[in-house]
Amino acid sequence: MFGPVFPDGVPFEFPKGPGGHRLHDILEESVDPKYTLSNKLWQYLQNYALKHKAKGNGFGFGLPELDGVSRTLSARYHKDGSEILIRQGNGDNPRRLTPLEAGRLMGFPVDDPKYHIVVSDTQAYRQFGNAVVPKVASAVARQIEIVGELAAAAGTDWKSTMGDPWG
């Protein structure tokens with residue numbers, strides 16, 4: 001979404017985040033068992049991953065370490081949750097993220113009561129999965145402002161060299 005759009009010579013750099021967030025930071029302590037994968041689905045995902053690994057493909061499921069980081073959510077997460085599965089103890093099958101956890105992962109203030117999730121799980125996963133992480137969008141916007149300020153200070157009108165991005 002935030003690909004290169006500036007002409008050569010424009011000093012835009014993608015911002016570096018502070019990091020430090022780990023998957024376990026967004027997880028709820030008590031989760032409804034409905035988010036645990038069924039034996040049938042878990043077996044299917046494991047077989048699917050093995051089949052594609054044998055073909056040299058990277059398809060499968062994601063089971064990140066709880067003290068590690070995770071990929072972002074996709075809008076298809078509601079289908080089976082396979083791209084981000086959460087390890088569980090006691091030999092239980094992994095589980096999907098809850099909608100609250102999905103919102104936290106994507107950086108939304110879902111713990112604030114005024115942002116209570118009022119849609120179905122499916123709609124919440126679709127909405128969070130289609131979203132741009134707010135902190136990323138804000139950081140990129142700020143970086144664009146900085147480029148504009150630098151250009152103005154140097155007397156450069158870099159916007160006129162970009163042309164019509166939609167044309």
# chains A, B, ... in the order shown; residues from 1 in each chain; ligands from 1
$ closest_atom_pairs --of "segment 46-148 of chain A" --to "segment 22-35 of chain A" --cutoff "8 Å" --atoms "only C-alpha atoms" --output "JSON lines"
{"residue": "A:Glu65", "atom": "CA", "partner": "A:Leu23", "partner_atom": "CA", "distance": 7.5}
{"residue": "A:Leu66", "atom": "CA", "partner": "A:His24", "partner_atom": "CA", "distance": 5.0}
{"residue": "A:Asp67", "atom": "CA", "partner": "A:Arg22", "partner_atom": "CA", "distance": 5.4}
{"residue": "A:Gly68", "atom": "CA", "partner": "A:Arg22", "partner_atom": "CA", "distance": 5.3}
{"residue": "A:Val69", "atom": "CA", "partner": "A:Arg22", "partner_atom": "CA", "distance": 5.2}
{"residue": "A:Ser70", "atom": "CA", "partner": "A:Leu23", "partner_atom": "CA", "distance": 6.4}
{"residue": "A:Arg95", "atom": "CA", "partner": "A:Tyr35", "partner_atom": "CA", "distance": 5.2}
{"residue": "A:Arg96", "atom": "CA", "partner": "A:Tyr35", "partner_atom": "CA", "distance": 5.3}
{"residue": "A:Leu97", "atom": "CA", "partner": "A:Tyr35", "partner_atom": "CA", "distance": 7.1}
{"residue": "A:Thr98", "atom": "CA", "partner": "A:Tyr35", "partner_atom": "CA", "distance": 6.9}
{"residue": "A:Glu101", "atom": "CA", "partner": "A:Ile26", "partner_atom": "CA", "distance": 5.7}
{"residue": "A:Arg104", "atom": "CA", "partner": "A:Ile26", "partner_atom": "CA", "distance": 5.8}
{"residue": "A:Leu105", "atom": "CA", "partner": "A:Ile26", "partner_atom": "CA", "distance": 6.4}
$ write_last_selection --atoms "all heavy atoms" --output "short mmCIF file (atom, residue, chain, number, x, y, z; two decimals), in the first residue's frame"
data_model
loop_
_atom_site.label_atom_id
_atom_site.label_comp_id
_atom_site.auth_asym_id
_atom_site.auth_seq_id
_atom_site.Cartn_x
_atom_site.Cartn_y
_atom_site.Cartn_z
N GLU A 65 5.85 -18.06 17.57
CA GLU A 65 6.18 -18.19 18.99
C GLU A 65 5.49 -17.09 19.77
O GLU A 65 5.40 -15.95 19.30
CB GLU A 65 7.70 -18.10 19.19
CG GLU A 65 8.49 -19.23 18.54
CD GLU A 65 8.20 -20.58 19.17
OE1 GLU A 65 7.88 -20.64 20.37
OE2 GLU A 65 8.27 -21.59 18.44
N LEU A 66 5.01 -17.40 20.95
CA LEU A 66 4.29 -16.41 21.74
C LEU A 66 5.17 -15.25 22.18
O LEU A 66 4.68 -14.13 22.38
CB LEU A 66 3.64 -17.07 22.96
CG LEU A 66 2.59 -18.13 22.64
CD1 LEU A 66 2.00 -18.68 23.93
CD2 LEU A 66 1.50 -17.59 21.73
N ASP A 67 6.48 -15.49 22.31
CA ASP A 67 7.37 -14.39 22.68
C ASP A 67 8.01 -13.77 21.45
O ASP A 67 8.92 -12.96 21.56
CB ASP A 67 8.43 -14.85 23.68
CG ASP A 67 9.35 -15.91 23.11
OD1 ASP A 67 9.05 -16.48 22.04
OD2 ASP A 67 10.39 -16.19 23.74
N GLY A 68 7.49 -14.11 20.27
CA GLY A 68 7.98 -13.55 19.02
C GLY A 68 6.98 -12.55 18.45
O GLY A 68 6.11 -12.05 19.15
N VAL A 69 7.13 -12.29 17.17
CA VAL A 69 6.24 -11.37 16.48
C VAL A 69 5.37 -12.16 15.51
O VAL A 69 5.65 -13.31 15.20
CB VAL A 69 7.01 -10.25 15.75
CG1 VAL A 69 7.75 -9.37 16.73
CG2 VAL A 69 7.97 -10.83 14.72
N SER A 70 4.36 -11.52 15.00
CA SER A 70 3.43 -12.17 14.08
C SER A 70 3.30 -11.33 12.83
O SER A 70 3.59 -10.13 12.84
CB SER A 70 2.07 -12.31 14.77
OG SER A 70 1.10 -12.74 13.85
N ARG A 95 -5.37 -22.38 18.43
CA ARG A 95 -6.62 -21.63 18.29
C ARG A 95 -6.40 -20.41 17.41
O ARG A 95 -5.28 -20.02 17.12
CB ARG A 95 -7.13 -21.19 19.66
CG ARG A 95 -6.24 -20.15 20.34
CD ARG A 95 -6.90 -19.63 21.61
NE ARG A 95 -6.09 -18.65 22.32
CZ ARG A 95 -6.05 -17.35 22.04
NH1 ARG A 95 -6.76 -16.86 21.04
NH2 ARG A 95 -5.30 -16.53 22.76
N ARG A 96 -7.54 -19.87 16.97
CA ARG A 96 -7.51 -18.60 16.23
C ARG A 96 -7.40 -17.45 17.23
O ARG A 96 -7.69 -17.62 18.41
CB ARG A 96 -8.81 -18.42 15.44
CG ARG A 96 -8.98 -19.40 14.32
CD ARG A 96 -10.31 -19.22 13.62
NE ARG A 96 -11.39 -19.66 14.51
CZ ARG A 96 -12.51 -18.98 14.72
NH1 ARG A 96 -12.74 -17.84 14.12
NH2 ARG A 96 -13.43 -19.45 15.53
N LEU A 97 -7.03 -16.29 16.73
CA LEU A 97 -7.11 -15.08 17.53
C LEU A 97 -8.58 -14.77 17.78
O LEU A 97 -9.44 -15.04 16.93
CB LEU A 97 -6.50 -13.89 16.78
CG LEU A 97 -5.01 -13.90 16.51
CD1 LEU A 97 -4.66 -12.78 15.53
CD2 LEU A 97 -4.23 -13.75 17.80
N THR A 98 -8.89 -14.16 18.90
CA THR A 98 -10.23 -13.63 19.11
C THR A 98 -10.32 -12.30 18.36
O THR A 98 -9.28 -11.71 18.02
CB THR A 98 -10.51 -13.39 20.60
OG1 THR A 98 -9.67 -12.34 21.06
CG2 THR A 98 -10.29 -14.66 21.43
N GLU A 101 -8.23 -9.73 20.14
CA GLU A 101 -6.80 -9.91 19.88
C GLU A 101 -6.43 -9.45 18.47
O GLU A 101 -5.37 -8.85 18.27
CB GLU A 101 -6.41 -11.38 20.07
CG GLU A 101 -6.52 -11.84 21.50
CD GLU A 101 -6.46 -13.35 21.67
OE1 GLU A 101 -6.71 -14.10 20.69
OE2 GLU A 101 -6.14 -13.80 22.79
N ARG A 104 -6.19 -5.74 18.56
CA ARG A 104 -4.94 -5.34 19.23
C ARG A 104 -3.75 -5.54 18.31
O ARG A 104 -2.87 -4.68 18.22
CB ARG A 104 -4.73 -6.17 20.49
CG ARG A 104 -5.66 -5.85 21.63
CD ARG A 104 -5.46 -6.85 22.76
NE ARG A 104 -6.30 -6.60 23.91
CZ ARG A 104 -6.50 -7.47 24.89
NH1 ARG A 104 -5.89 -8.65 24.86
NH2 ARG A 104 -7.29 -7.17 25.90
N LEU A 105 -3.71 -6.69 17.62
CA LEU A 105 -2.60 -6.98 16.71
C LEU A 105 -2.46 -5.90 15.65
O LEU A 105 -1.35 -5.49 15.31
CB LEU A 105 -2.81 -8.35 16.03
CG LEU A 105 -1.79 -8.73 14.98
CD1 LEU A 105 -0.43 -9.02 15.63
CD2 LEU A 105 -2.25 -9.94 14.19
#
$ atom_distance --atom1 "atom CA of Ser38 of chain A" --atom2 "atom CA of Asp92 of chain A"
9.8 Å
$ atom_distance --atom1 "atom CA of Ile84 of chain A" --atom2 "atom CA of Thr72 of chain A"
8.5 Å
$ atom_distance --atom1 "atom CA of Arg126 of chain A" --atom2 "atom CA of Leu63 of chain A"
20.2 Å
$ residues_around --residues "Asp80 of chain A" --least-positions-apart "2" --cutoff "9 Å" --atoms "only C-alpha atoms" --output "list in words"
Leu37, Leu41, Arg76, Tyr77, His78, Ser82, Glu83 and Arg96 of chain A
$ write_last_selection --atoms "all heavy atoms" --output "PDB file, in the first residue's frame"
ATOM      1  N   LEU A  37      -9.157 -24.785  17.211  1.00  0.00           N
ATOM      2  CA  LEU A  37      -9.416 -25.515  15.971  1.00  0.00           C
ATOM      3  C   LEU A  37      -9.929 -26.910  16.279  1.00  0.00           C
ATOM      4  O   LEU A  37      -9.439 -27.587  17.193  1.00  0.00           O
ATOM      5  CB  LEU A  37      -8.147 -25.631  15.135  1.00  0.00           C
ATOM      6  CG  LEU A  37      -7.460 -24.345  14.681  1.00  0.00           C
ATOM      7  CD1 LEU A  37      -6.311 -24.677  13.739  1.00  0.00           C
ATOM      8  CD2 LEU A  37      -8.422 -23.387  14.019  1.00  0.00           C
ATOM      9  N   LEU A  41     -10.172 -29.763  11.313  1.00  0.00           N
ATOM     10  CA  LEU A  41      -9.530 -28.606  10.677  1.00  0.00           C
ATOM     11  C   LEU A  41      -8.033 -28.610  10.925  1.00  0.00           C
ATOM     12  O   LEU A  41      -7.246 -28.349  10.008  1.00  0.00           O
ATOM     13  CB  LEU A  41     -10.144 -27.300  11.175  1.00  0.00           C
ATOM     14  CG  LEU A  41      -9.513 -26.009  10.620  1.00  0.00           C
ATOM     15  CD1 LEU A  41      -9.522 -25.984   9.102  1.00  0.00           C
ATOM     16  CD2 LEU A  41     -10.231 -24.790  11.192  1.00  0.00           C
ATOM     17  N   ARG A  76      -9.030 -12.549   5.028  1.00  0.00           N
ATOM     18  CA  ARG A  76      -9.526 -13.919   4.917  1.00  0.00           C
ATOM     19  C   ARG A  76      -9.387 -14.683   6.235  1.00  0.00           C
ATOM     20  O   ARG A  76      -9.710 -15.863   6.310  1.00  0.00           O
ATOM     21  CB  ARG A  76      -8.800 -14.664   3.797  1.00  0.00           C
ATOM     22  CG  ARG A  76      -7.331 -14.992   4.140  1.00  0.00           C
ATOM     23  CD  ARG A  76      -6.710 -16.085   3.296  1.00  0.00           C
ATOM     24  NE  ARG A  76      -7.386 -17.348   3.283  1.00  0.00           N
ATOM     25  CZ  ARG A  76      -7.380 -18.264   4.253  1.00  0.00           C
ATOM     26  NH1 ARG A  76      -6.733 -18.033   5.379  1.00  0.00           N
ATOM     27  NH2 ARG A  76      -8.016 -19.398   4.124  1.00  0.00           N
ATOM     28  N   TYR A  77      -8.921 -14.037   7.270  1.00  0.00           N
ATOM     29  CA  TYR A  77      -8.689 -14.710   8.548  1.00  0.00           C
ATOM     30  C   TYR A  77      -9.936 -15.407   9.063  1.00  0.00           C
ATOM     31  O   TYR A  77      -9.847 -16.450   9.706  1.00  0.00           O
ATOM     32  CB  TYR A  77      -8.175 -13.702   9.588  1.00  0.00           C
ATOM     33  CG  TYR A  77      -7.650 -14.370  10.841  1.00  0.00           C
ATOM     34  CD1 TYR A  77      -6.408 -14.988  10.841  1.00  0.00           C
ATOM     35  CD2 TYR A  77      -8.399 -14.407  12.001  1.00  0.00           C
ATOM     36  CE1 TYR A  77      -5.925 -15.618  11.976  1.00  0.00           C
ATOM     37  CE2 TYR A  77      -7.922 -15.035  13.143  1.00  0.00           C
ATOM     38  CZ  TYR A  77      -6.683 -15.638  13.118  1.00  0.00           C
ATOM     39  OH  TYR A  77      -6.206 -16.270  14.238  1.00  0.00           O
ATOM     40  N   HIS A  78     -11.105 -14.877   8.754  1.00  0.00           N
ATOM     41  CA  HIS A  78     -12.349 -15.471   9.245  1.00  0.00           C
ATOM     42  C   HIS A  78     -12.587 -16.881   8.716  1.00  0.00           C
ATOM     43  O   HIS A  78     -13.345 -17.641   9.300  1.00  0.00           O
ATOM     44  CB  HIS A  78     -13.552 -14.576   8.882  1.00  0.00           C
ATOM     45  CG  HIS A  78     -13.850 -14.562   7.416  1.00  0.00           C
ATOM     46  ND1 HIS A  78     -14.741 -15.429   6.841  1.00  0.00           N
ATOM     47  CD2 HIS A  78     -13.359 -13.795   6.410  1.00  0.00           C
ATOM     48  CE1 HIS A  78     -14.805 -15.192   5.534  1.00  0.00           C
ATOM     49  NE2 HIS A  78     -13.963 -14.206   5.258  1.00  0.00           N
ATOM     50  N   SER A  82      -5.826 -19.671   9.641  1.00  0.00           N
ATOM     51  CA  SER A  82      -4.589 -20.444   9.495  1.00  0.00           C
ATOM     52  C   SER A  82      -3.312 -19.619   9.467  1.00  0.00           C
ATOM     53  O   SER A  82      -2.257 -20.129   9.829  1.00  0.00           O
ATOM     54  CB  SER A  82      -4.650 -21.321   8.244  1.00  0.00           C
ATOM     55  OG  SER A  82      -4.723 -20.535   7.076  1.00  0.00           O
ATOM     56  N   GLU A  83      -3.388 -18.355   9.067  1.00  0.00           N
ATOM     57  CA  GLU A  83      -2.132 -17.602   8.965  1.00  0.00           C
ATOM     58  C   GLU A  83      -1.567 -17.171  10.309  1.00  0.00           C
ATOM     59  O   GLU A  83      -0.376 -16.910  10.416  1.00  0.00           O
ATOM     60  CB  GLU A  83      -2.244 -16.414   8.010  1.00  0.00           C
ATOM     61  CG  GLU A  83      -3.302 -15.411   8.346  1.00  0.00           C
ATOM     62  CD  GLU A  83      -4.598 -15.648   7.596  1.00  0.00           C
ATOM     63  OE1 GLU A  83      -4.944 -16.790   7.300  1.00  0.00           O
ATOM     64  OE2 GLU A  83      -5.282 -14.655   7.333  1.00  0.00           O
ATOM     65  N   ARG A  96      -7.536 -19.866  16.965  1.00  0.00           N
ATOM     66  CA  ARG A  96      -7.511 -18.603  16.232  1.00  0.00           C
ATOM     67  C   ARG A  96      -7.401 -17.452  17.227  1.00  0.00           C
ATOM     68  O   ARG A  96      -7.689 -17.617  18.406  1.00  0.00           O
ATOM     69  CB  ARG A  96      -8.810 -18.421  15.435  1.00  0.00           C
ATOM     70  CG  ARG A  96      -8.979 -19.401  14.321  1.00  0.00           C
ATOM     71  CD  ARG A  96     -10.312 -19.216  13.616  1.00  0.00           C
ATOM     72  NE  ARG A  96     -11.386 -19.656  14.508  1.00  0.00           N
ATOM     73  CZ  ARG A  96     -12.513 -18.980  14.719  1.00  0.00           C
ATOM     74  NH1 ARG A  96     -12.738 -17.836  14.120  1.00  0.00           N
ATOM     75  NH2 ARG A  96     -13.434 -19.446  15.532  1.00  0.00           N
TER      76      ARG A  96
END
$ residues_around --residues "Lys135 of chain A" --least-positions-apart "5" --cutoff "10 Å" --atoms "only C-alpha atoms" --output "number ranges by chain"
A: 17, 106-108, 140-141
$ write_last_selection --atoms "N, CA and C atoms" --output "mmCIF file, in the first residue's frame"
data_model
loop_
_atom_site.group_PDB
_atom_site.id
_atom_site.type_symbol
_atom_site.label_atom_id
_atom_site.label_comp_id
_atom_site.auth_asym_id
_atom_site.auth_seq_id
_atom_site.Cartn_x
_atom_site.Cartn_y
_atom_site.Cartn_z
ATOM 1 N N GLY A 17 9.858 1.524 13.221
ATOM 2 C CA GLY A 17 9.051 1.457 14.433
ATOM 3 C C GLY A 17 9.900 1.155 15.647
ATOM 4 N N MET A 106 -3.591 -5.429 15.150
ATOM 5 C CA MET A 106 -3.571 -4.427 14.090
ATOM 6 C C MET A 106 -3.467 -3.001 14.625
ATOM 7 N N GLY A 107 -3.332 -2.849 15.947
ATOM 8 C CA GLY A 107 -3.060 -1.544 16.525
ATOM 9 C C GLY A 107 -4.267 -0.675 16.814
ATOM 10 N N PHE A 108 -5.450 -1.264 16.856
ATOM 11 C CA PHE A 108 -6.650 -0.491 17.150
ATOM 12 C C PHE A 108 -6.886 -0.438 18.649
ATOM 13 N N VAL A 140 3.876 7.043 8.329
ATOM 14 C CA VAL A 140 4.165 7.328 6.924
ATOM 15 C C VAL A 140 3.694 8.730 6.564
ATOM 16 N N ALA A 141 2.519 9.114 7.049
ATOM 17 C CA ALA A 141 2.013 10.474 6.784
ATOM 18 C C ALA A 141 2.961 11.522 7.350
#
$ residues_around --residues "Gln43 of chain A" --least-positions-apart "5" --cutoff "12 Å" --atoms "only C-alpha atoms" --output "ChimeraX atom specification"
/A:37-38,48-50,60-61,82,93-94
$ write_last_selection --atoms "N, CA and C atoms" --output "PDB file, in the first residue's frame"
ATOM      1  N   LEU A  37      -9.157 -24.785  17.211  1.00  0.00           N
ATOM      2  CA  LEU A  37      -9.416 -25.515  15.971  1.00  0.00           C
ATOM      3  C   LEU A  37      -9.929 -26.910  16.279  1.00  0.00           C
ATOM      4  N   SER A  38     -10.876 -27.358  15.469  1.00  0.00           N
ATOM      5  CA  SER A  38     -11.365 -28.731  15.603  1.00  0.00           C
ATOM      6  C   SER A  38     -10.259 -29.694  15.176  1.00  0.00           C
ATOM      7  N   TYR A  48      -2.354 -30.145   4.490  1.00  0.00           N
ATOM      8  CA  TYR A  48      -2.245 -29.153   3.422  1.00  0.00           C
ATOM      9  C   TYR A  48      -0.829 -28.574   3.382  1.00  0.00           C
ATOM     10  N   ALA A  49      -0.298 -28.256   4.561  1.00  0.00           N
ATOM     11  CA  ALA A  49       1.061 -27.706   4.637  1.00  0.00           C
ATOM     12  C   ALA A  49       2.088 -28.724   4.135  1.00  0.00           C
ATOM     13  N   LEU A  50       1.936 -29.980   4.535  1.00  0.00           N
ATOM     14  CA  LEU A  50       2.869 -31.025   4.085  1.00  0.00           C
ATOM     15  C   LEU A  50       2.803 -31.214   2.574  1.00  0.00           C
ATOM     16  N   GLY A  60       0.623 -22.979   3.864  1.00  0.00           N
ATOM     17  CA  GLY A  60       0.462 -23.748   5.089  1.00  0.00           C
ATOM     18  C   GLY A  60      -0.238 -22.920   6.132  1.00  0.00           C
ATOM     19  N   PHE A  61       0.290 -22.940   7.318  1.00  0.00           N
ATOM     20  CA  PHE A  61      -0.304 -22.182   8.416  1.00  0.00           C
ATOM     21  C   PHE A  61       0.811 -21.489   9.179  1.00  0.00           C
ATOM     22  N   SER A  82      -5.826 -19.671   9.641  1.00  0.00           N
ATOM     23  CA  SER A  82      -4.589 -20.444   9.495  1.00  0.00           C
ATOM     24  C   SER A  82      -3.312 -19.619   9.467  1.00  0.00           C
ATOM     25  N   ASN A  93      -5.255 -28.446  20.505  1.00  0.00           N
ATOM     26  CA  ASN A  93      -5.022 -27.893  19.171  1.00  0.00           C
ATOM     27  C   ASN A  93      -4.819 -26.385  19.298  1.00  0.00           C
ATOM     28  N   PRO A  94      -4.132 -25.793  18.348  1.00  0.00           N
ATOM     29  CA  PRO A  94      -3.989 -24.335  18.378  1.00  0.00           C
ATOM     30  C   PRO A  94      -5.354 -23.677  18.200  1.00  0.00           C
TER      31      PRO A  94
END
$ closest_residue --among "A:Asn47, A:Asn130, A:Thr36, A:Gln123" --to "Arg87 of chain A" --atoms "only C-alpha atoms"
A:Thr36
$ residues_around --residues "Ile117 of chain A" --least-positions-apart "4" --cutoff "9 Å" --atoms "only C-alpha atoms" --output "list in words"
Pro99, Leu100, Val110, Asp121 and Ala124 of chain A
$ select_by_dssp --residues "segment 86-140 of chain A" --states "alpha helix (DSSP H)" --output "PyMOL selection string"
chain A and resi 99-105+121-130+134-140
$ closest_residue --among "A:Gly81, A:Pro11, A:Gly62, A:Gly155" --to "Ala102 of chain A" --atoms "only C-alpha atoms"
A:Gly81
$ decode --residues "segment 18-75 of chain A" --atoms "C-alpha atoms" --output "JSON list (two decimals), in the first residue's frame"
[["chain", "number", "residue", "atom", "x", "y", "z"],
["A", 18, "PRO", "CA", 10.09, 1.13, 18.05],
["A", 19, "GLY", "CA", 9.53, -2.63, 18.05],
["A", 20, "GLY", "CA", 9.44, -4.47, 21.32],
["A", 21, "HIS", "CA", 5.89, -5.77, 21.02],
["A", 22, "ARG", "CA", 5.47, -9.52, 21.28],
["A", 23, "LEU", "CA", 2.53, -11.74, 20.38],
["A", 24, "HIS", "CA", 1.86, -12.64, 24.01],
["A", 25, "ASP", "CA", 1.30, -8.91, 24.72],
["A", 26, "ILE", "CA", -1.99, -8.92, 22.78],
["A", 27, "LEU", "CA", -3.44, -12.22, 23.98],
["A", 28, "GLU", "CA", -6.42, -12.53, 26.28],
["A", 29, "GLU", "CA", -5.97, -14.59, 29.44],
["A", 30, "SER", "CA", -9.18, -16.56, 29.11],
["A", 31, "VAL", "CA", -10.49, -17.52, 25.67],
["A", 32, "ASP", "CA", -13.75, -19.19, 24.66],
["A", 33, "PRO", "CA", -13.09, -22.76, 23.44],
["A", 34, "LYS", "CA", -14.92, -21.93, 20.20],
["A", 35, "TYR", "CA", -11.66, -20.38, 18.97],
["A", 36, "THR", "CA", -9.78, -23.70, 19.29],
["A", 37, "LEU", "CA", -9.42, -25.51, 15.97],
["A", 38, "SER", "CA", -11.36, -28.73, 15.60],
["A", 39, "ASN", "CA", -9.37, -31.94, 15.19],
["A", 40, "LYS", "CA", -10.61, -32.15, 11.59],
["A", 41, "LEU", "CA", -9.53, -28.61, 10.68],
["A", 42, "TRP", "CA", -6.17, -28.94, 12.45],
["A", 43, "GLN", "CA", -5.45, -32.21, 10.65],
["A", 44, "TYR", "CA", -6.48, -30.68, 7.33],
["A", 45, "LEU", "CA", -4.16, -27.68, 7.81],
["A", 46, "GLN", "CA", -1.22, -29.93, 8.73],
["A", 47, "ASN", "CA", -1.82, -32.18, 5.70],
["A", 48, "TYR", "CA", -2.24, -29.15, 3.42],
["A", 49, "ALA", "CA", 1.06, -27.71, 4.64],
["A", 50, "LEU", "CA", 2.87, -31.02, 4.08],
["A", 51, "LYS", "CA", 1.42, -31.39, 0.58],
["A", 52, "HIS", "CA", 2.57, -27.93, -0.44],
["A", 53, "LYS", "CA", 5.95, -28.28, 1.25],
["A", 54, "ALA", "CA", 6.56, -31.43, -0.84],
["A", 55, "LYS", "CA", 5.79, -29.37, -3.96],
["A", 56, "GLY", "CA", 8.20, -26.65, -2.85],
["A", 57, "ASN", "CA", 5.44, -24.15, -2.11],
["A", 58, "GLY", "CA", 5.20, -22.03, 1.01],
["A", 59, "PHE", "CA", 1.51, -22.54, 1.69],
["A", 60, "GLY", "CA", 0.46, -23.75, 5.09],
["A", 61, "PHE", "CA", -0.30, -22.18, 8.42],
["A", 62, "GLY", "CA", 1.41, -19.76, 10.78],
["A", 63, "LEU", "CA", 2.17, -20.82, 14.33],
["A", 64, "PRO", "CA", 4.40, -18.03, 15.66],
["A", 65, "GLU", "CA", 6.18, -18.19, 18.99],
["A", 66, "LEU", "CA", 4.29, -16.41, 21.74],
["A", 67, "ASP", "CA", 7.37, -14.39, 22.68],
["A", 68, "GLY", "CA", 7.98, -13.55, 19.02],
["A", 69, "VAL", "CA", 6.24, -11.37, 16.48],
["A", 70, "SER", "CA", 3.43, -12.17, 14.08],
["A", 71, "ARG", "CA", 2.49, -11.19, 10.60],
["A", 72, "THR", "CA", -0.40, -8.78, 10.12],
["A", 73, "LEU", "CA", -3.93, -10.01, 9.77],
["A", 74, "SER", "CA", -5.54, -10.61, 6.38],
["A", 75, "ALA", "CA", -9.22, -10.17, 5.57]]
